[in-house]
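Shown here: input-v5.txt, compact mmCIF, C-alpha atoms.
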```
# COMPACT_ATOMS: atom_id res chain seq x y z
CA MET A 71 -0.36 10.55 28.88
CA THR A 72 1.31 13.49 27.15
CA LEU A 73 2.48 13.67 23.56
CA SER A 74 6.11 13.42 24.66
CA ALA A 75 5.37 10.04 26.27
CA LEU A 76 4.07 8.60 23.01
CA ARG A 77 6.29 5.79 21.72
CA VAL A 78 6.41 5.79 17.95
CA ALA A 79 8.31 3.20 15.91
CA ILE A 80 9.10 3.69 12.22
CA ILE A 81 9.97 0.57 10.22
CA VAL A 82 12.85 0.91 7.75
CA PHE A 83 13.17 -1.35 4.71
CA PRO A 84 15.88 -1.28 2.06
CA GLY A 85 14.50 1.41 -0.26
CA SER A 86 12.43 3.28 2.34
CA ASN A 87 13.00 6.99 1.73
CA CYS A 88 10.48 8.80 3.93
CA ASP A 89 11.53 7.19 7.20
CA ARG A 90 13.71 10.09 8.29
CA ASP A 91 11.21 12.73 7.15
CA MET A 92 8.57 11.00 9.24
CA MET A 93 10.93 10.81 12.22
CA VAL A 94 11.53 14.56 12.01
CA ALA A 95 7.80 15.25 11.58
CA ILE A 96 6.83 13.19 14.63
CA GLU A 97 9.62 14.68 16.73
CA GLN A 98 8.47 18.17 15.73
CA LEU A 99 5.02 17.38 17.15
CA THR A 100 5.90 15.29 20.21
CA SER A 101 9.42 16.43 21.15
CA ARG A 102 10.28 12.74 21.36
CA ARG A 103 12.33 11.05 18.66
CA PRO A 104 10.69 7.91 17.24
CA ALA A 105 12.63 4.66 17.06
CA LEU A 106 13.79 3.58 13.62
CA VAL A 107 13.48 -0.19 13.39
CA TRP A 108 15.32 -2.16 10.70
CA HIS A 109 13.18 -4.70 8.85
CA LYS A 110 15.44 -7.63 9.80
CA GLU A 111 14.52 -7.25 13.47
CA ALA A 112 12.27 -10.04 14.66
CA SER A 113 10.72 -8.13 17.53
CA LEU A 114 9.40 -4.69 18.28
CA ASP A 115 9.70 -2.78 21.56
CA ALA A 116 6.34 -1.72 22.96
CA ALA A 117 4.99 1.09 20.76
CA ASP A 118 1.87 3.23 20.79
CA LEU A 119 2.08 3.75 17.04
CA VAL A 120 3.97 1.86 14.33
CA ILE A 121 4.53 3.72 11.07
CA ILE A 122 5.35 2.08 7.76
CA PRO A 123 6.91 4.94 5.78
CA GLY A 124 6.93 5.75 2.09
CA GLY A 125 9.62 4.80 -0.38
CA PHE A 126 10.41 2.01 -2.78
CA SER A 127 10.98 -0.94 -0.47
CA PHE A 128 12.95 -3.68 -2.23
CA GLY A 129 12.85 -1.61 -5.41
CA ASP A 130 9.15 -2.43 -5.84
CA TYR A 131 10.28 -5.87 -7.07
CA LEU A 132 7.54 -8.45 -7.70
CA ARG A 133 4.77 -6.06 -6.55
CA CYS A 134 4.95 -2.83 -4.57
CA GLY A 135 5.14 -3.75 -0.91
CA ALA A 136 5.11 -7.51 -1.53
CA LEU A 137 8.59 -8.33 -0.27
CA ALA A 138 8.49 -5.78 2.57
CA GLY A 139 5.18 -7.27 3.66
CA ARG A 140 6.95 -10.59 4.30
CA SER A 141 10.01 -9.12 6.06
CA PRO A 142 10.87 -10.54 9.52
CA ILE A 143 9.70 -7.40 11.37
CA MET A 144 6.22 -7.67 9.86
CA ASN A 145 5.32 -10.62 12.10
CA ALA A 146 5.91 -8.33 15.07
CA VAL A 147 3.88 -5.57 13.40
CA LEU A 148 1.04 -8.02 12.73
CA ASP A 149 1.15 -9.11 16.40
CA HIS A 150 1.08 -5.45 17.47
CA ALA A 151 -1.97 -4.84 15.26
CA ALA A 152 -3.66 -8.03 16.46
CA ARG A 153 -3.38 -6.68 20.02
CA GLY A 154 -5.19 -3.54 18.85
CA GLY A 155 -2.01 -1.51 18.38
CA ALA A 156 -2.16 1.48 16.06
CA VAL A 157 -0.44 1.28 12.66
CA MET A 158 -0.10 3.96 9.98
CA GLY A 159 1.09 3.18 6.44
CA ILE A 160 1.98 6.06 4.13
CA CYS A 161 2.28 5.56 0.35
CA ASN A 162 4.57 2.53 -0.02
CA GLY A 163 3.59 1.81 3.59
CA PHE A 164 -0.06 1.65 2.45
CA GLN A 165 0.99 -0.81 -0.25
CA VAL A 166 2.79 -2.91 2.38
CA LEU A 167 -0.33 -2.92 4.59
CA THR A 168 -2.56 -4.12 1.74
CA GLU A 169 -0.03 -6.88 0.96
CA THR A 170 -0.27 -8.13 4.56
CA GLY A 171 -4.07 -7.83 4.58
CA MET A 172 -3.99 -5.36 7.49
CA VAL A 173 -6.14 -3.06 5.39
CA PRO A 174 -8.38 -4.22 2.53
CA GLY A 175 -7.86 -3.73 -1.20
CA VAL A 176 -4.83 -3.40 -3.46
CA LEU A 177 -2.97 -0.48 -5.04
CA ILE A 178 -2.36 -0.99 -8.74
CA ARG A 179 -0.65 1.04 -11.46
CA ASN A 180 -1.96 4.59 -11.91
CA ALA A 181 -4.62 4.61 -14.63
CA GLU A 182 -2.68 7.09 -16.75
CA LEU A 183 0.60 5.13 -16.35
CA LYS A 184 2.26 8.26 -15.03
CA PHE A 185 4.09 8.84 -11.79
CA ALA A 186 1.84 11.30 -9.96
CA CYS A 187 3.80 13.87 -7.94
CA ARG A 188 1.82 16.93 -6.85
CA ASN A 189 -0.60 18.28 -4.26
CA VAL A 190 -4.09 16.80 -4.09
CA GLY A 191 -7.26 17.83 -2.35
CA LEU A 192 -8.62 15.38 0.21
CA GLN A 193 -11.96 15.17 1.91
CA VAL A 194 -12.06 13.80 5.44
CA CYS A 195 -14.80 11.16 5.46
CA GLU A 196 -17.09 10.13 8.28
CA THR A 197 -15.70 6.86 9.62
CA LEU A 198 -16.08 4.25 12.29
CA ALA A 199 -14.28 5.09 15.56
CA SER A 200 -10.59 5.52 14.77
CA PRO A 201 -7.77 7.53 16.34
CA PHE A 202 -6.76 8.61 12.83
CA THR A 203 -10.04 10.37 12.06
CA SER A 204 -11.88 10.94 15.36
CA GLU A 205 -10.25 14.34 16.00
CA LEU A 206 -10.52 15.52 12.38
CA ALA A 207 -13.43 17.68 11.30
CA THR A 208 -15.64 15.54 9.04
CA ASN A 209 -15.85 16.87 5.47
CA LYS A 210 -12.91 19.17 6.11
CA ASN A 211 -10.73 19.51 3.05
CA LEU A 212 -6.98 19.04 3.29
CA ILE A 213 -4.22 19.60 0.77
CA LEU A 214 -1.42 17.03 0.91
CA PRO A 215 1.28 15.97 -1.54
CA ILE A 216 1.32 12.62 -3.29
CA ALA A 217 4.21 10.93 -5.10
CA HIS A 218 3.49 7.46 -6.45
CA ASN A 219 3.21 5.24 -9.48
CA GLU A 220 0.86 2.66 -7.92
CA GLY A 221 -1.86 4.47 -6.02
CA ASN A 222 -4.87 3.31 -7.97
CA TYR A 223 -6.99 1.80 -5.22
CA PHE A 224 -8.78 -1.37 -6.24
CA ALA A 225 -11.28 -3.65 -4.53
CA GLU A 226 -14.25 -5.62 -5.83
CA PRO A 227 -17.45 -3.52 -6.04
CA ASP A 228 -19.16 -5.42 -3.21
CA GLU A 229 -16.10 -4.91 -1.02
CA LEU A 230 -16.11 -1.19 -1.85
CA ASP A 231 -19.79 -1.05 -0.88
CA GLN A 232 -18.93 -2.73 2.40
CA LEU A 233 -16.01 -0.36 3.11
CA GLU A 234 -18.22 2.63 2.49
CA GLY A 235 -21.09 1.16 4.51
CA GLU A 236 -18.86 0.35 7.48
CA GLY A 237 -17.14 3.76 7.47
CA GLN A 238 -13.70 2.47 6.52
CA VAL A 239 -12.97 5.10 3.88
CA ALA A 240 -10.86 7.76 5.65
CA PHE A 241 -10.02 10.11 2.78
CA ARG A 242 -11.26 10.73 -0.74
CA TYR A 243 -9.61 12.78 -3.45
CA THR A 244 -11.71 15.87 -3.96
CA ASP A 245 -11.86 19.03 -6.00
CA SER A 246 -9.60 21.71 -4.54
CA SER A 247 -7.20 24.49 -5.39
CA ALA A 248 -4.55 21.83 -6.14
CA ILE A 249 -3.63 21.85 -9.82
CA GLY A 250 -4.83 18.83 -11.79
CA PRO A 251 -7.88 16.57 -11.80
CA PRO A 252 -9.19 15.67 -8.33
CA ASN A 253 -8.53 11.93 -8.72
CA PRO A 254 -4.85 11.64 -9.64
CA ASN A 255 -4.57 7.91 -10.24
CA GLY A 256 -7.92 6.35 -11.13
CA ALA A 257 -8.57 5.09 -7.59
CA ALA A 258 -11.94 3.38 -7.18
CA ARG A 259 -14.52 5.78 -5.76
CA ASP A 260 -11.76 8.39 -5.30
CA ILE A 261 -10.40 6.51 -2.28
CA ALA A 262 -7.10 7.91 -0.99
CA GLY A 263 -7.01 6.23 2.43
CA VAL A 264 -8.75 3.37 4.24
CA ILE A 265 -8.88 2.13 7.81
CA SER A 266 -9.15 -1.39 9.19
CA SER A 267 -12.42 -2.77 10.54
CA ASN A 268 -11.27 -2.07 14.11
CA GLY A 269 -10.18 1.46 13.20
CA ARG A 270 -6.63 0.96 14.49
CA VAL A 271 -4.81 0.67 11.15
CA ILE A 272 -4.77 3.33 8.43
CA GLY A 273 -3.26 3.20 4.97
CA MET A 274 -3.10 6.35 2.85
CA MET A 275 -1.33 7.45 -0.32
CA PRO A 276 -0.74 11.16 0.56
CA HIS A 277 2.36 12.16 2.54
CA PRO A 278 1.51 14.13 5.72
CA GLU A 279 5.21 14.27 6.69
CA ARG A 280 5.82 16.41 3.59
CA ALA A 281 3.33 19.11 4.65
CA MET A 282 4.62 20.13 8.06
CA SER A 283 5.29 23.86 7.67
CA ASP A 284 4.75 26.85 5.42
CA LEU A 285 8.19 26.14 3.99
CA HIS A 286 6.76 22.83 2.72
CA GLY A 287 3.93 24.75 1.11
CA GLY A 288 1.36 23.69 3.69
CA ASN A 289 0.60 22.54 7.23
CA ASP A 290 -2.18 20.05 6.64
CA GLY A 291 0.14 17.10 7.24
CA ALA A 292 1.00 18.50 10.66
CA TYR A 293 -2.73 18.93 11.36
CA PHE A 294 -3.50 15.32 10.47
CA LEU A 295 -0.53 13.84 12.34
CA LEU A 296 -1.08 16.00 15.45
CA LYS A 297 -4.78 15.06 15.64
CA SER A 298 -3.89 11.37 15.28
CA LEU A 299 -1.21 11.58 17.99
CA GLU A 300 -3.56 13.49 20.31
CA ALA A 301 -6.23 10.83 19.84
CA LEU A 302 -3.67 8.13 20.67
CA VAL A 303 -2.66 9.77 23.97
CA SER A 304 -6.18 10.59 25.14
CA MET B 1244 13.04 -29.73 -11.32
CA GLN B 1245 11.84 -26.55 -12.90
CA ALA B 1246 8.45 -24.95 -12.34
CA ILE B 1247 7.05 -22.07 -14.32
CA VAL B 1248 4.57 -19.74 -12.65
CA ASN B 1249 2.46 -17.44 -14.80
CA VAL B 1250 0.81 -14.57 -12.98
CA ILE B 1251 -1.82 -12.43 -14.70
CA LEU B 1252 -4.33 -9.82 -13.58
CA LYS B 1253 -7.81 -11.21 -13.08
CA ASP B 1254 -10.54 -10.41 -15.56
CA GLY B 1255 -12.19 -7.17 -14.55
CA VAL B 1256 -9.05 -5.66 -13.04
CA LEU B 1257 -7.94 -2.66 -15.08
CA ASP B 1258 -4.62 -3.30 -16.81
CA PRO B 1259 -3.38 0.18 -17.84
CA GLN B 1260 -0.15 -1.28 -19.19
CA GLY B 1261 -2.03 -3.72 -21.41
CA ARG B 1262 -4.31 -0.94 -22.58
CA ALA B 1263 -1.35 1.25 -23.56
CA ILE B 1264 0.26 -1.63 -25.47
CA SER B 1265 -3.05 -2.34 -27.21
CA HIS B 1266 -3.28 1.29 -28.33
CA SER B 1267 0.30 1.22 -29.64
CA LEU B 1268 -0.33 -1.99 -31.59
CA ASN B 1269 -3.43 -0.42 -33.14
CA ASP B 1270 -1.39 2.68 -34.05
CA LEU B 1271 1.16 0.40 -35.75
CA GLY B 1272 -1.57 -1.03 -37.94
CA PHE B 1273 -2.35 -4.17 -35.95
CA ASN B 1274 -6.02 -3.28 -35.94
CA GLU B 1275 -7.08 -6.85 -35.20
CA VAL B 1276 -5.85 -6.44 -31.59
CA SER B 1277 -8.82 -5.66 -29.36
CA ASP B 1278 -7.32 -6.28 -25.91
CA VAL B 1279 -3.92 -6.88 -24.31
CA ARG B 1280 -3.22 -8.21 -20.83
CA VAL B 1281 0.29 -8.15 -19.39
CA GLY B 1282 1.44 -10.73 -16.86
CA LYS B 1283 4.71 -12.06 -15.57
CA GLN B 1284 6.49 -15.40 -15.75
CA ILE B 1285 8.57 -16.67 -12.86
CA LEU B 1286 10.96 -19.60 -13.39
CA LEU B 1287 11.83 -21.60 -10.30
CA GLU B 1288 14.60 -24.18 -9.94
CA ILE B 1289 13.61 -26.46 -7.09
CA ASP B 1290 15.26 -29.41 -5.37
CA GLU B 1291 12.32 -31.76 -5.61
CA ASN B 1292 11.83 -34.86 -7.75
CA ASP B 1293 8.17 -35.55 -7.18
CA PRO B 1294 6.03 -33.48 -9.58
CA ALA B 1295 2.92 -33.66 -7.40
CA ARG B 1296 4.78 -32.46 -4.32
CA LEU B 1297 6.52 -29.79 -6.37
CA ARG B 1298 3.22 -28.51 -7.67
CA GLN B 1299 1.80 -28.39 -4.15
CA ARG B 1300 4.79 -26.45 -2.82
CA VAL B 1301 4.74 -23.98 -5.70
CA ALA B 1302 1.03 -23.40 -5.17
CA ARG B 1303 1.85 -22.48 -1.56
CA MET B 1304 4.52 -20.08 -2.81
CA CYS B 1305 1.99 -18.45 -5.11
CA GLU B 1306 -0.56 -18.05 -2.33
CA THR B 1307 1.94 -16.63 0.16
CA LEU B 1308 4.09 -14.40 -2.05
CA LEU B 1309 4.27 -14.81 -5.81
CA ALA B 1310 0.71 -13.69 -6.59
CA ASN B 1311 -1.65 -11.26 -4.90
CA THR B 1312 -4.82 -13.29 -5.22
CA VAL B 1313 -7.00 -10.23 -4.65
CA ILE B 1314 -6.15 -9.07 -8.17
CA GLU B 1315 -4.08 -11.83 -9.79
CA ASP B 1316 -4.59 -15.37 -11.03
CA TYR B 1317 -1.71 -17.78 -11.30
CA SER B 1318 -1.03 -21.00 -13.16
CA ILE B 1319 1.78 -23.49 -12.64
CA VAL B 1320 3.58 -25.48 -15.31
CA VAL B 1321 5.91 -28.22 -14.12
CA ALA B 1322 8.59 -28.91 -16.74
CA ASN B 1323 8.82 -32.53 -17.88
CA GLU B 1324 5.71 -33.45 -15.92
CA LYS B 1325 4.26 -36.71 -17.26
```
As structure tokens, the full file:
Amino acid sequence: MTLSALRVAIIVFPGSNCDRDMMVAIEQLTSRRPALVWHKEASLDAADLVIIPGGFSFGDYLRCGALAGRSPIMNAVLDHAARGGAVMGICNGFQVLTETGMVPGVLIRNAELKFACRNVGLQVCETLASPFTSELATNKNLILPIAHNEGNYFAEPDELDQLEGEGQVAFRYTDSSAIGPPNPNGAARDIAGVISSNGRVIGMMPHPERAMSDLHGGNDGAYFLLKSLEALVS
Amino acid sequence: MQAIVNVILKDGVLDPQGRAISHSLNDLGFNEVSDVRVGKQILLEIDENDPARLRQRVARMCETLLANTVIEDYSIVVANEK
């Protein structure tokens, strides 16, 4: 399969605001425009990758991602994941994935109570087999932008031990040339992204679709997305 | 009938909002305040006359949507329950 044959679906909720950016980013890499799927849809056409984009779905009412996580389309996304389908959740999409239990943990209010909007350094961690990390160089450092108020990753200590032991931590905040402290939000053990126990679902706070060219101030988002897409077609 | 759901972060989960409020209260001279936890209250009007059944349904609502039981505890008060 070639990259242009890859079927990508991006779920759109009321309040999603990175759906179109992600569509443009994926099309830039694959030459094929992803499908935008409205959250009221009850079914999903066959997809090789489903992306839950960033934004403020349902105005972050109740809890970030809580209402989106129970939208009609999410049953189809859960079915897709249960069949081993690949799912990527970015920022609010990560929050949605934790609310559905597709990835472990919860994202709570940033420790400093401030909206964090800047570049961060990320370390690529050694993980279990996953299309989202298999083609990345382990320990490579990336610079990607974040923009969130609730990115403080939380799980019980024994669950964190288990995630680390099983290789489910994909990215950690790390010291870099990005301005500001390495950990921008108080996340437990500097965790910026996690993958599911089967490796097919990733949730991450940083926005790869906002680092696609020098005009964005960096290409590391394009690197991450391209490597993920290449792993999915191979 | 009316049900009141109180949702609060579990012990051990950092509550940055509560911590900020605690600091402000201390700054205002309320030095006896040592800890603040912030939760939310959800009032539900429900077409149901049996308090036991109501409580059971509301518990289901809490488990499926109203609380994230990874980090939150909930309690249910049924108004006028005998």
Interface, chain B side, toward chain A (12 Å; all atoms listed in the file) as a list in words = Val1250, Leu1252, Lys1253, Asp1254, Gly1255, Val1256, Leu1257, Asp1258, Pro1259, Gln1260, Gly1261, Arg1262, Ala1263, Ile1264, Gly1282, Lys1283, Gln1284, Ile1285, Cys1305, Glu1306, Thr1307, Leu1308, Leu1309, Ala1310, Asn1311, Thr1312, Val1313, Ile1314 and Glu1315 of chain B
Please, what distance in Å, to one decimal, runs between atom CA of Ser74 of chain A and atom CA of Trp108 of chain A?
->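 According to the coordinates, atom CA of Ser74 of chain A and atom CA of Trp108 of chain A are separated by 22.9 Å.
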Starting from 3 Å padding per side, set up an axis-aligned box that covers all listed atoms of segment 261-278 of chain A and hand over centre and edge lengths in Å, one decimal, as JSON.
```
{"center_x": -5.0, "center_y": 5.7, "center_z": 6.1, "size_x": 20.8, "size_y": 22.9, "size_z": 22.8}
```
Tell me, as a ChimeraX atom specification, which residues lie within 9 Å of Ala199 of chain A, counting all atoms listed in the file; anything in the same chain fewer than 6 positions away does not count.
-> /A:237,268-270
Selection export as a JSON list (two decimals), in the coordinates of the input, atoms kept: C-alpha atoms:
```json
[["chain", "number", "residue", "atom", "x", "y", "z"],
["A", 237, "GLY", "CA", -17.14, 3.76, 7.47],
["A", 268, "ASN", "CA", -11.27, -2.07, 14.11],
["A", 269, "GLY", "CA", -10.18, 1.46, 13.20],
["A", 270, "ARG", "CA", -6.63, 0.96, 14.49]]
```
Near-Ile143 of chain A list (8 Å; all atoms listed in the file; drop same-chain fewer than 3 positions) as a PyMOL selection string = chain A and resi 108-114+146-147
Would you save the residues of that selection, restricted to C-alpha atoms, as a JSON list (two decimals), in the frame of the given file?
```
[["chain", "number", "residue", "atom", "x", "y", "z"],
["A", 108, "TRP", "CA", 15.32, -2.16, 10.70],
["A", 109, "HIS", "CA", 13.18, -4.70, 8.85],
["A", 110, "LYS", "CA", 15.44, -7.63, 9.80],
["A", 111, "GLU", "CA", 14.52, -7.25, 13.47],
["A", 112, "ALA", "CA", 12.27, -10.04, 14.66],
["A", 113, "SER", "CA", 10.72, -8.13, 17.53],
["A", 114, "LEU", "CA", 9.40, -4.69, 18.28],
["A", 146, "ALA", "CA", 5.91, -8.33, 15.07],
["A", 147, "VAL", "CA", 3.88, -5.57, 13.40]]
```
A:Arg77, A:Lys210, A:His150, A:Lys297 ranked by distance to Ser246 of chain A, top pick (using all atoms listed in the file) = A:Lys210
With only C-alpha atoms as the atoms that count, which of A:Gly250, A:Thr244, A:Ala151, A:His277 lies nearest to Asp89 of chain A?
->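 Distance minimum relative to Asp89 of chain A lands on A:His277.
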If we count all atoms listed in the file, what is near Asp1293 of chain B at a cut-off of 12 Å, once residues fewer than 2 positions away on the same chain are taken out, given as a ChimeraX atom specification?
-> /B:1244-1246,1289-1291,1295-1300,1321-1325
Would you work out the distance separating atom CA of Val1301 of chain B from atom CA of Phe126 of chain A, expressed in Å to one decimal?
->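 Computing it gives 26.8 Å between the two atoms.
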